[in-house]
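Structure data (CSV, C-alpha atoms) from input_19.csv:
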```
chain,number,residue,atom,x,y,z
A,23,MET,CA,0.0,0.0,0.0
A,24,THR,CA,1.1,3.6,-0.6
A,25,PRO,CA,0.4,6.3,1.9
A,26,ARG,CA,-2.4,8.7,1.3
A,27,PRO,CA,-1.9,12.4,1.8
A,28,GLY,CA,-1.6,13.1,5.5
A,29,PRO,CA,-3.5,15.7,7.5
A,30,ALA,CA,-0.8,18.3,6.9
A,31,GLY,CA,-0.5,17.7,3.2
A,32,SER,CA,2.4,15.3,3.5
A,33,ALA,CA,3.8,13.8,0.4
A,34,THR,CA,2.7,10.3,-0.6
A,35,SER,CA,6.2,9.0,-1.7
A,36,GLY,CA,7.8,8.1,1.6
A,37,ALA,CA,8.9,10.4,4.4
A,38,ALA,CA,9.2,13.6,2.4
A,39,ALA,CA,10.0,16.8,4.1
A,40,VAL,CA,7.8,19.8,3.3
A,41,ARG,CA,7.6,23.4,4.5
A,42,GLU,CA,7.4,23.7,8.3
A,43,ALA,CA,4.2,25.1,9.7
A,44,PRO,CA,4.1,27.5,12.6
A,45,SER,CA,4.2,25.6,15.9
A,46,GLU,CA,1.6,25.7,18.6
A,47,ARG,CA,2.1,26.1,22.3
A,48,PRO,CA,3.4,22.9,23.8
A,49,GLY,CA,1.2,20.4,25.6
A,50,ALA,CA,1.7,19.3,29.2
A,51,GLY,CA,2.7,16.1,30.9
A,52,GLU,CA,6.0,14.6,29.6
A,53,PRO,CA,6.0,10.8,29.5
A,54,GLY,CA,9.1,8.8,30.3
A,55,PRO,CA,11.3,7.1,27.7
A,56,SER,CA,9.7,4.5,25.6
A,57,ARG,CA,10.7,0.8,26.0
A,58,LYS,CA,12.3,-0.9,23.1
A,59,ALA,CA,11.6,-4.5,22.2
A,60,PRO,CA,14.5,-6.9,22.6
A,61,GLY,CA,16.6,-7.0,19.5
A,62,THR,CA,15.4,-3.8,17.9
A,63,THR,CA,17.6,-0.8,17.1
A,64,ALA,CA,17.0,3.0,16.9
A,65,PRO,CA,16.2,4.5,13.5
A,66,ALA,CA,19.1,6.0,11.5
A,67,GLY,CA,19.1,9.5,10.1
A,68,ALA,CA,17.6,11.4,13.1
A,69,ARG,CA,19.5,14.7,13.3
A,70,PRO,CA,19.2,17.5,15.9
A,71,ASP,CA,17.2,20.4,14.7
A,72,THR,CA,16.7,23.2,17.3
A,73,ALA,CA,13.5,25.2,17.4
A,74,GLY,CA,13.2,28.7,18.9
A,75,PRO,CA,10.4,29.8,21.2
A,76,ASP,CA,7.0,29.0,20.0
A,77,THR,CA,5.0,31.7,18.2
A,78,ALA,CA,1.2,31.7,18.4
A,79,GLY,CA,0.0,30.4,15.1
A,80,PRO,CA,-3.6,30.6,13.8
A,81,ASP,CA,-4.7,27.7,15.9
A,82,THR,CA,-3.4,28.9,19.3
A,83,ALA,CA,-6.1,31.3,20.3
A,84,GLY,CA,-7.6,30.5,23.7
A,85,LEU,CA,-10.8,28.5,24.0
A,86,ALA,CA,-14.0,30.4,24.4
A,87,THR,CA,-15.4,31.0,27.9
A,88,ALA,CA,-17.8,28.5,29.4
A,89,GLY,CA,-21.3,28.2,28.1
A,90,LEU,CA,-20.8,29.7,24.6
A,91,ALA,CA,-21.7,27.6,21.6
A,92,GLY,CA,-20.6,28.6,18.2
A,93,GLY,CA,-18.7,27.2,15.3
A,94,GLY,CA,-19.0,28.2,11.7
A,95,THR,CA,-20.4,26.3,8.8
A,96,ALA,CA,-17.1,25.7,6.9
A,97,GLY,CA,-17.6,21.9,7.2
A,98,GLY,CA,-21.1,22.0,5.9
A,99,ASP,CA,-20.4,21.7,2.2
A,100,LEU,CA,-17.4,19.4,2.6
A,101,ALA,CA,-19.4,16.3,1.7
A,102,ARG,CA,-20.2,17.8,-1.7
A,103,ARG,CA,-16.8,19.3,-2.5
A,104,ALA,CA,-15.3,17.3,-5.3
A,105,THR,CA,-11.8,18.5,-4.6
A,106,ALA,CA,-11.9,17.4,-0.9
A,107,ASP,CA,-10.1,14.3,0.4
A,108,PRO,CA,-12.6,11.3,0.1
A,109,LEU,CA,-12.2,10.5,3.9
A,110,PHE,CA,-13.2,14.0,4.9
A,111,ARG,CA,-16.1,14.1,2.4
A,112,LEU,CA,-17.3,10.7,3.8
A,113,VAL,CA,-17.1,11.9,7.4
A,114,ALA,CA,-19.0,15.1,6.7
A,115,TYR,CA,-21.7,13.2,4.7
A,116,ALA,CA,-22.0,10.5,7.4
A,117,LEU,CA,-22.7,13.0,10.1
A,118,GLU,CA,-25.4,14.6,8.0
A,119,ALA,CA,-26.9,11.2,7.1
A,120,ALA,CA,-26.8,9.9,10.7
A,121,HIS,CA,-28.0,13.1,12.4
A,122,GLY,CA,-29.9,15.1,9.8
A,123,ARG,CA,-27.6,18.2,9.8
A,124,PRO,CA,-24.3,19.2,8.3
A,125,PRO,CA,-21.1,19.5,10.4
A,126,ALA,CA,-20.0,22.8,11.6
A,127,ALA,CA,-16.4,21.6,11.5
A,128,VAL,CA,-14.3,18.6,10.4
A,129,TRP,CA,-10.9,18.0,11.9
A,130,SER,CA,-8.3,15.5,10.9
A,131,ALA,CA,-5.6,14.1,13.2
A,132,PRO,CA,-2.7,11.9,12.2
A,133,TYR,CA,-1.8,8.5,13.6
A,134,ALA,CA,1.4,8.9,15.6
A,135,PHE,CA,4.3,6.7,16.5
A,136,ARG,CA,7.4,6.6,18.7
A,137,LEU,CA,10.9,6.4,17.3
A,138,GLY,CA,13.4,3.9,18.6
A,139,SER,CA,15.4,6.7,20.3
A,140,PRO,CA,13.8,7.5,23.7
A,141,GLY,CA,11.7,10.6,23.8
A,142,LEU,CA,11.1,11.1,20.1
A,143,VAL,CA,7.6,10.9,18.5
A,144,ALA,CA,6.3,11.7,15.0
A,145,ALA,CA,3.1,11.6,13.0
A,146,ALA,CA,2.2,9.3,10.2
A,147,GLY,CA,0.5,10.4,6.9
A,148,TRP,CA,-2.7,8.5,7.7
A,149,PRO,CA,-5.5,10.4,9.3
A,150,THR,CA,-8.5,10.0,11.7
A,151,ALA,CA,-11.3,12.4,11.1
A,152,ALA,CA,-14.1,13.8,13.3
A,153,ALA,CA,-17.1,15.9,12.2
A,154,ALA,CA,-19.1,17.8,14.8
A,155,ALA,CA,-22.1,20.1,15.1
A,156,PRO,CA,-23.2,21.9,18.3
A,157,ARG,CA,-26.5,21.2,20.1
A,158,ASP,CA,-28.4,23.1,22.8
A,159,ASP,CA,-30.6,20.3,24.3
A,160,GLY,CA,-28.0,18.5,26.4
A,161,LEU,CA,-27.8,15.5,24.1
A,162,VAL,CA,-24.8,13.9,22.4
A,163,ARG,CA,-25.4,11.8,19.3
A,164,LEU,CA,-22.4,9.6,18.4
A,165,SER,CA,-21.9,7.6,15.2
A,166,SER,CA,-19.0,5.9,13.3
A,167,LEU,CA,-18.9,4.1,10.0
A,168,GLY,CA,-16.6,1.6,11.9
A,169,HIS,CA,-19.7,0.7,14.1
A,170,PRO,CA,-22.7,1.3,11.8
A,171,ALA,CA,-25.1,-0.6,14.0
A,172,ASP,CA,-24.0,1.1,17.2
A,173,SER,CA,-24.9,4.8,16.8
A,174,CYS,CA,-26.3,6.2,20.1
A,175,ASP,CA,-28.1,9.2,21.6
A,176,LEU,CA,-26.9,9.9,25.2
A,177,PRO,CA,-27.7,12.6,27.8
A,178,LEU,CA,-24.6,14.6,28.5
A,179,THR,CA,-23.9,14.4,32.3
A,180,LEU,CA,-21.0,16.0,34.0
A,181,SER,CA,-20.5,13.4,36.7
A,182,GLY,CA,-21.7,10.1,38.0
A,183,PRO,CA,-21.7,6.8,36.2
A,184,LEU,CA,-21.4,6.8,32.4
A,185,PRO,CA,-24.7,6.2,30.6
A,186,ASP,CA,-25.3,2.8,29.0
A,187,ALA,CA,-23.4,3.1,25.7
A,188,PRO,CA,-21.8,0.8,23.0
A,189,ALA,CA,-18.2,0.0,23.9
A,190,TRP,CA,-16.8,2.1,21.0
A,191,ALA,CA,-18.7,5.2,22.2
A,192,VAL,CA,-17.4,5.2,25.8
A,193,ARG,CA,-14.1,6.9,25.0
A,194,PRO,CA,-15.5,9.8,22.8
A,195,TYR,CA,-18.2,10.3,25.4
A,196,THR,CA,-15.5,10.6,28.1
A,197,VAL,CA,-13.8,13.3,26.1
A,198,LEU,CA,-17.1,15.1,25.6
A,199,ARG,CA,-17.9,15.0,29.3
A,200,ALA,CA,-14.4,16.3,30.2
A,201,LEU,CA,-14.9,19.2,27.7
A,202,ALA,CA,-18.3,19.9,29.1
A,203,ARG,CA,-16.9,20.1,32.7
A,204,ALA,CA,-14.4,22.6,31.4
A,205,GLY,CA,-17.3,24.7,30.0
A,206,PHE,CA,-17.3,23.6,26.3
A,207,GLY,CA,-20.3,21.9,24.7
A,208,ARG,CA,-22.6,21.6,27.7
A,209,GLY,CA,-25.5,22.0,25.3
A,210,GLY,CA,-24.5,18.8,23.5
A,211,THR,CA,-22.9,17.7,20.2
A,212,ASP,CA,-23.6,15.6,17.2
A,213,LEU,CA,-20.3,13.8,16.4
A,214,HIS,CA,-19.1,11.3,13.8
A,215,VAL,CA,-15.6,9.7,14.0
A,216,GLN,CA,-13.9,7.7,11.3
A,217,GLY,CA,-10.3,6.5,10.9
A,218,SER,CA,-8.4,5.5,7.8
A,219,LEU,CA,-6.7,2.5,9.6
A,220,THR,CA,-7.9,-0.2,12.1
A,221,GLY,CA,-6.0,-1.6,15.0
A,222,ALA,CA,-4.9,-4.5,12.8
A,223,ALA,CA,-2.5,-2.1,11.0
A,224,GLY,CA,-0.4,-1.9,14.1
A,225,LEU,CA,-0.6,1.8,15.0
A,226,ALA,CA,-2.4,3.2,18.1
A,227,THR,CA,-5.9,4.2,17.1
A,228,ALA,CA,-7.2,5.7,20.4
A,229,GLU,CA,-4.9,8.8,20.7
A,230,PRO,CA,-5.5,10.3,17.3
A,231,ALA,CA,-9.3,9.7,17.7
A,232,ASP,CA,-9.2,11.4,21.1
A,233,CYS,CA,-7.4,14.4,19.6
A,234,ALA,CA,-9.7,14.7,16.6
A,235,VAL,CA,-12.8,14.6,18.8
A,236,ALA,CA,-11.4,17.1,21.2
A,237,LEU,CA,-10.4,19.5,18.5
A,238,ALA,CA,-13.7,19.3,16.6
A,239,VAL,CA,-15.9,19.6,19.6
A,240,ALA,CA,-13.9,22.5,21.1
A,241,ASP,CA,-14.0,24.2,17.7
A,242,VAL,CA,-17.7,24.1,17.2
A,243,HIS,CA,-18.4,25.4,20.7
A,244,ALA,CA,-15.9,28.3,20.5
A,245,ARG,CA,-16.5,31.9,19.5
A,246,ALA,CA,-16.3,32.8,15.9
A,247,GLU,CA,-12.7,33.0,14.6
A,248,GLU,CA,-11.3,31.2,17.6
A,249,ARG,CA,-9.4,27.9,17.3
A,250,PRO,CA,-8.9,25.3,20.0
A,251,ASP,CA,-5.9,25.7,22.4
A,252,ARG,CA,-3.9,22.5,21.9
A,253,ALA,CA,-2.0,22.8,25.1
A,254,PHE,CA,-5.3,23.0,27.0
A,255,LEU,CA,-6.7,20.0,25.2
A,256,ALA,CA,-3.5,18.0,25.8
A,257,ARG,CA,-3.9,18.6,29.5
A,258,LEU,CA,-7.6,17.8,29.4
A,259,LEU,CA,-7.1,14.5,27.6
A,260,ALA,CA,-4.3,13.5,30.0
A,261,GLY,CA,-6.6,14.0,32.9
A,262,ALA,CA,-9.7,12.4,31.4
A,263,LEU,CA,-7.8,9.4,29.8
A,264,PRO,CA,-4.7,8.9,31.9
A,265,GLU,CA,-4.1,5.4,30.5
A,266,GLY,CA,-3.4,6.9,27.1
A,267,ASP,CA,0.0,7.7,25.6
A,268,ASP,CA,0.5,11.4,26.1
A,269,GLY,CA,3.6,11.4,23.9
A,270,LEU,CA,1.6,10.2,21.0
A,271,ARG,CA,-1.0,12.9,21.7
A,272,ARG,CA,1.7,15.6,21.6
A,273,ALA,CA,2.8,14.2,18.2
A,274,VAL,CA,-0.8,14.5,17.0
A,275,PHE,CA,-1.1,18.1,18.2
A,276,HIS,CA,2.3,19.4,17.2
A,277,ALA,CA,4.0,17.2,14.6
A,278,ARG,CA,5.9,18.6,11.6
A,279,PRO,CA,6.5,17.0,8.3
A,280,GLY,CA,9.9,15.4,8.0
A,281,ARG,CA,10.6,16.0,11.7
A,282,ALA,CA,10.4,14.1,15.0
A,283,LEU,CA,9.3,15.9,18.2
A,284,LEU,CA,11.6,15.7,21.2
A,285,LEU,CA,9.7,15.1,24.4
A,286,GLY,CA,10.8,16.5,27.7
A,287,THR,CA,11.6,20.1,26.7
A,288,ARG,CA,10.7,23.1,28.7
A,289,PRO,CA,7.1,24.4,28.6
A,290,ARG,CA,6.4,27.0,25.8
A,291,ARG,CA,9.4,25.6,23.8
A,292,ARG,CA,9.5,22.6,21.6
A,293,ARG,CA,12.5,21.0,19.8
A,294,TYR,CA,12.5,18.8,16.8
A,295,VAL,CA,15.0,16.6,15.1
A,296,SER,CA,15.1,15.9,11.4
A,297,PHE,CA,13.6,12.6,10.5
A,298,ASP,CA,13.4,12.2,6.7
A,299,PRO,CA,14.1,8.7,5.6
A,300,ALA,CA,13.6,9.5,1.9
A,301,ALA,CA,16.4,12.1,2.0
A,302,SER,CA,18.8,9.2,2.9
A,303,GLY,CA,17.4,6.8,0.3
A,304,ALA,CA,15.3,4.8,2.7
A,305,ARG,CA,11.6,4.1,3.2
A,306,LEU,CA,9.7,3.9,6.5
A,307,VAL,CA,7.5,0.9,6.6
A,308,LEU,CA,5.2,-0.6,9.2
A,309,MET,CA,5.1,-4.4,9.4
A,310,ALA,CA,2.2,-6.0,11.3
A,311,VAL,CA,1.7,-9.7,11.9
A,312,ARG,CA,-1.6,-11.4,11.9
A,313,GLY,CA,-3.0,-14.5,13.7
A,314,GLU,CA,-3.7,-15.3,17.3
A,315,ALA,CA,-2.6,-12.8,19.9
A,316,ALA,CA,-0.5,-15.4,21.8
A,317,ASP,CA,1.5,-16.1,18.6
A,318,ARG,CA,2.2,-12.6,17.6
A,319,PRO,CA,5.4,-11.9,19.7
A,320,ARG,CA,7.1,-15.0,18.3
A,321,GLU,CA,5.9,-14.3,14.7
A,322,LEU,CA,6.9,-10.7,14.9
A,323,ALA,CA,10.4,-11.7,16.0
A,324,HIS,CA,10.6,-14.2,13.1
A,325,ALA,CA,9.4,-11.6,10.6
A,326,LEU,CA,12.1,-9.2,11.9
A,327,SER,CA,14.8,-11.8,11.5
A,328,CYS,CA,13.7,-12.4,7.9
A,329,ALA,CA,13.6,-8.7,7.1
A,330,ARG,CA,17.1,-8.1,8.5
A,331,ARG,CA,18.5,-10.9,6.5
A,332,ALA,CA,16.9,-9.3,3.4
A,333,GLY,CA,18.4,-5.8,4.1
A,334,ALA,CA,16.3,-4.0,6.7
A,335,LEU,CA,18.4,-1.3,8.4
A,336,SER,CA,16.7,-0.9,11.7
A,337,ALA,CA,13.4,-1.7,13.5
A,338,TRP,CA,11.5,-0.6,16.6
A,339,PRO,CA,8.0,-0.8,18.1
A,340,PRO,CA,5.8,2.2,17.3
A,341,GLY,CA,4.3,2.4,20.8
A,342,GLN,CA,5.5,2.2,24.4
A,343,ARG,CA,4.9,-1.5,24.6
A,344,PRO,CA,5.8,-4.2,22.1
A,345,GLY,CA,2.7,-5.4,20.2
A,346,ARG,CA,1.8,-6.8,16.8
A,347,SER,CA,3.9,-4.4,14.7
A,348,LEU,CA,7.3,-2.9,14.1
A,349,LEU,CA,8.5,0.1,12.2
A,350,MET,CA,11.4,-0.5,9.8
A,351,LEU,CA,13.8,1.6,7.8
A,352,LEU,CA,14.3,-0.2,4.4
A,353,PRO,CA,16.8,0.9,1.8
A,354,GLU,CA,14.8,2.0,-1.3
A,355,ASP,CA,16.5,-0.6,-3.5
A,356,ARG,CA,15.8,-3.4,-1.0
A,357,ARG,CA,12.2,-2.6,-0.2
A,358,ALA,CA,10.6,-5.1,-2.5
A,359,ALA,CA,13.2,-7.8,-1.6
A,360,VAL,CA,12.5,-7.4,2.1
A,361,ARG,CA,8.7,-7.7,1.6
A,362,ALA,CA,9.1,-10.7,-0.7
A,363,ALA,CA,11.4,-12.5,1.7
A,364,VAL,CA,9.1,-12.1,4.6
A,365,ALA,CA,6.0,-13.1,2.5
A,366,GLU,CA,7.8,-16.2,1.1
A,367,ASP,CA,8.9,-17.4,4.6
A,368,PHE,CA,5.4,-17.0,6.1
A,369,ARG,CA,3.7,-18.7,3.1
A,370,GLY,CA,6.2,-21.5,3.3
A,371,ARG,CA,5.3,-22.1,7.0
A,372,GLY,CA,1.5,-21.9,6.3
A,373,ARG,CA,1.3,-18.6,8.3
A,374,PRO,CA,-0.7,-15.5,7.4
A,375,VAL,CA,1.6,-13.1,5.6
A,376,PRO,CA,2.2,-9.9,7.6
A,377,ARG,CA,0.8,-6.6,6.4
A,378,PHE,CA,3.1,-3.8,5.2
A,379,LEU,CA,2.2,-0.1,5.2
A,380,ASN,CA,4.3,2.7,3.9
A,381,ILE,CA,4.6,5.6,6.3
A,382,ALA,CA,5.1,9.3,5.4
A,383,VAL,CA,6.3,11.5,8.3
A,384,ALA,CA,3.5,14.0,8.4
A,385,GLY,CA,2.3,17.2,10.1
A,386,ALA,CA,-0.1,17.9,13.0
A,387,ALA,CA,-3.9,17.8,13.2
A,388,ARG,CA,-5.7,20.5,11.3
A,389,ARG,CA,-9.2,21.8,10.5
A,390,GLU,CA,-10.4,20.6,7.1
A,391,GLU,CA,-11.8,23.7,5.3
```

Would you write the structure of this file as structure tokens?
Amino acid sequence: MTPRPGPAGSATSGAAAVREAPSERPGAGEPGPSRKAPGTTAPAGARPDTAGPDTAGPDTAGLATAGLAGGGTAGGDLARRATADPLFRLVAYALEAAHGRPPAAVWSAPYAFRLGSPGLVAAAGWPTAAAAAPRDDGLVRLSSLGHPADSCDLPLTLSGPLPDAPAWAVRPYTVLRALARAGFGRGGTDLHVQGSLTGAAGLATAEPADCAVALAVADVHARAEERPDRAFLARLLAGALPEGDDGLRRAVFHARPGRALLLGTRPRRRRYVSFDPAASGARLVLMAVRGEAADRPRELAHALSCARRAGALSAWPPGQRPGRSLLMLLPEDRRAAVRAAVAEDFRGRGRPVPRFLNIAVAGAARREE
């Protein structure tokens, strides 16, 4: 598979660097170093790249004061705009079809990953999208094409037990409740969420969805011309969903194309290192094994051994804990050979062939206009 354009317009041919966007204010809560799986190595080609003090870009205005509901109609015609990305058109149309009204805003958020070097995170050129429209009756209506039979209408409560809801809706409802407690969206929201990848691809799906939901809902309940404060939302998500990976959320909120974000820097200042595999003649590829969960660690180690013999340069897990996937740097002239060698070995053993996904190093979440 080849990567689709990412949420910051990243190139589709590998980890291509593009013009840097203005940075936002940093998020809060620095996680500790990531743990590497045994036998993996850090990616090559990461070079220090200092960044000066942050400047307030167009998305750094403070959130509106409590109780205000707003949001424009820029997302309303996205479903019918032929030039729009198909995913964002689909999300806008799906909200209108499910809830009978167009979205006031559509936001995209990139999937994110950790690098083998501790404290470095980056964004992938595959997006999750959220479409939202404000309400004033205290109701939240949640839908997702990933769960077509499990749309739900729920009362928005600020405390107490969560209302009875489908399993997939618990997390976005938790984000909506946290925003409402902070004064945003107490009147309710219509929300539709859709990702371009599933968990089987091997990247974390929860954190980009959390960020997309928070950005879209905060946006539609803000004053006109205001944009969500990403530092505020990072703190809110860390408090509401403490089990999540705050480093990945920071990548979603603040990533730059062709760069990796260095965690652990001082507040109000972020630093990046250059991470552009294409510039050094390599390709960043995600490899995910299939089959029973109990077999995955062994099969992943076996796939890595095959890939290294065929020419893979380095490999590391994309999250804090080893799972079903590894990110690999492959020389451009060995990319096909590595994939073929792994596929041949797994077919010869009667095992499901691992999935391979090309990854472009992309930019941060953005509002789709």

Which residue gives the smallest distance to Gly385 (chain A) among A:Pro183, A:Pro132, A:Gly266, A:Pro108, with all atoms listed in the file counted?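 The answer is A:Pro132, which sits nearest to Gly385 (chain A).
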
In Å, rounded to a single decimal, give me how far CA of Ile381 (chain A) is from CA of Arg271 (chain A). 17.9 Å

Distance criterion (only C-alpha atoms): nearest to Ala155 (chain A) out of A:Leu219, A:Arg208, A:Ala238, A:Ser130: A:Ala238

Report as a PyMOL selection string all protein, DNA and RNA residues lying within 8 Å of Ala256 (chain A), evaluated on only C-alpha atoms, omitting residues in the same chain fewer than 3 positions from it. chain A and resi 49-50+252-253+259-260+268+271-272+275

Counting all atoms listed in the file, the option among A:Val239, A:Ala323, A:Leu109, A:Ala226 closest to Arg343 (chain A): A:Ala226

Quick one: residues within 6 Å of Leu351 (chain A), only C-alpha atoms, excluding same-chain residues fewer than 5 positions away - as a JSON list (two decimals) with C-alpha atoms, in the coordinates of the input?
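Wrote it out as selection-v3.json, contents follow:
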```json
[["chain", "number", "residue", "atom", "x", "y", "z"],
["A", 305, "ARG", "CA", 11.60, 4.10, 3.20],
["A", 306, "LEU", "CA", 9.70, 3.90, 6.50],
["A", 335, "LEU", "CA", 18.40, -1.30, 8.40],
["A", 336, "SER", "CA", 16.70, -0.90, 11.70]]
```

Counting only C-alpha atoms, what is within 12 Å of Arg357 (chain A), bar same-chain residues fewer than 2 positions away, as a list in words?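 Contacts, in chain order: Gly36, Gly303, Ala304, Arg305, Leu306, Val307, Leu308, Ala329, Arg330, Ala332, Gly333, Ala334, Leu335, Met350, Leu351, Leu352, Pro353, Glu354, Asp355, Ala359, Val360, Arg361, Ala362, Ala363, Val364, Phe378, Leu379 and Asn380 of chain A.
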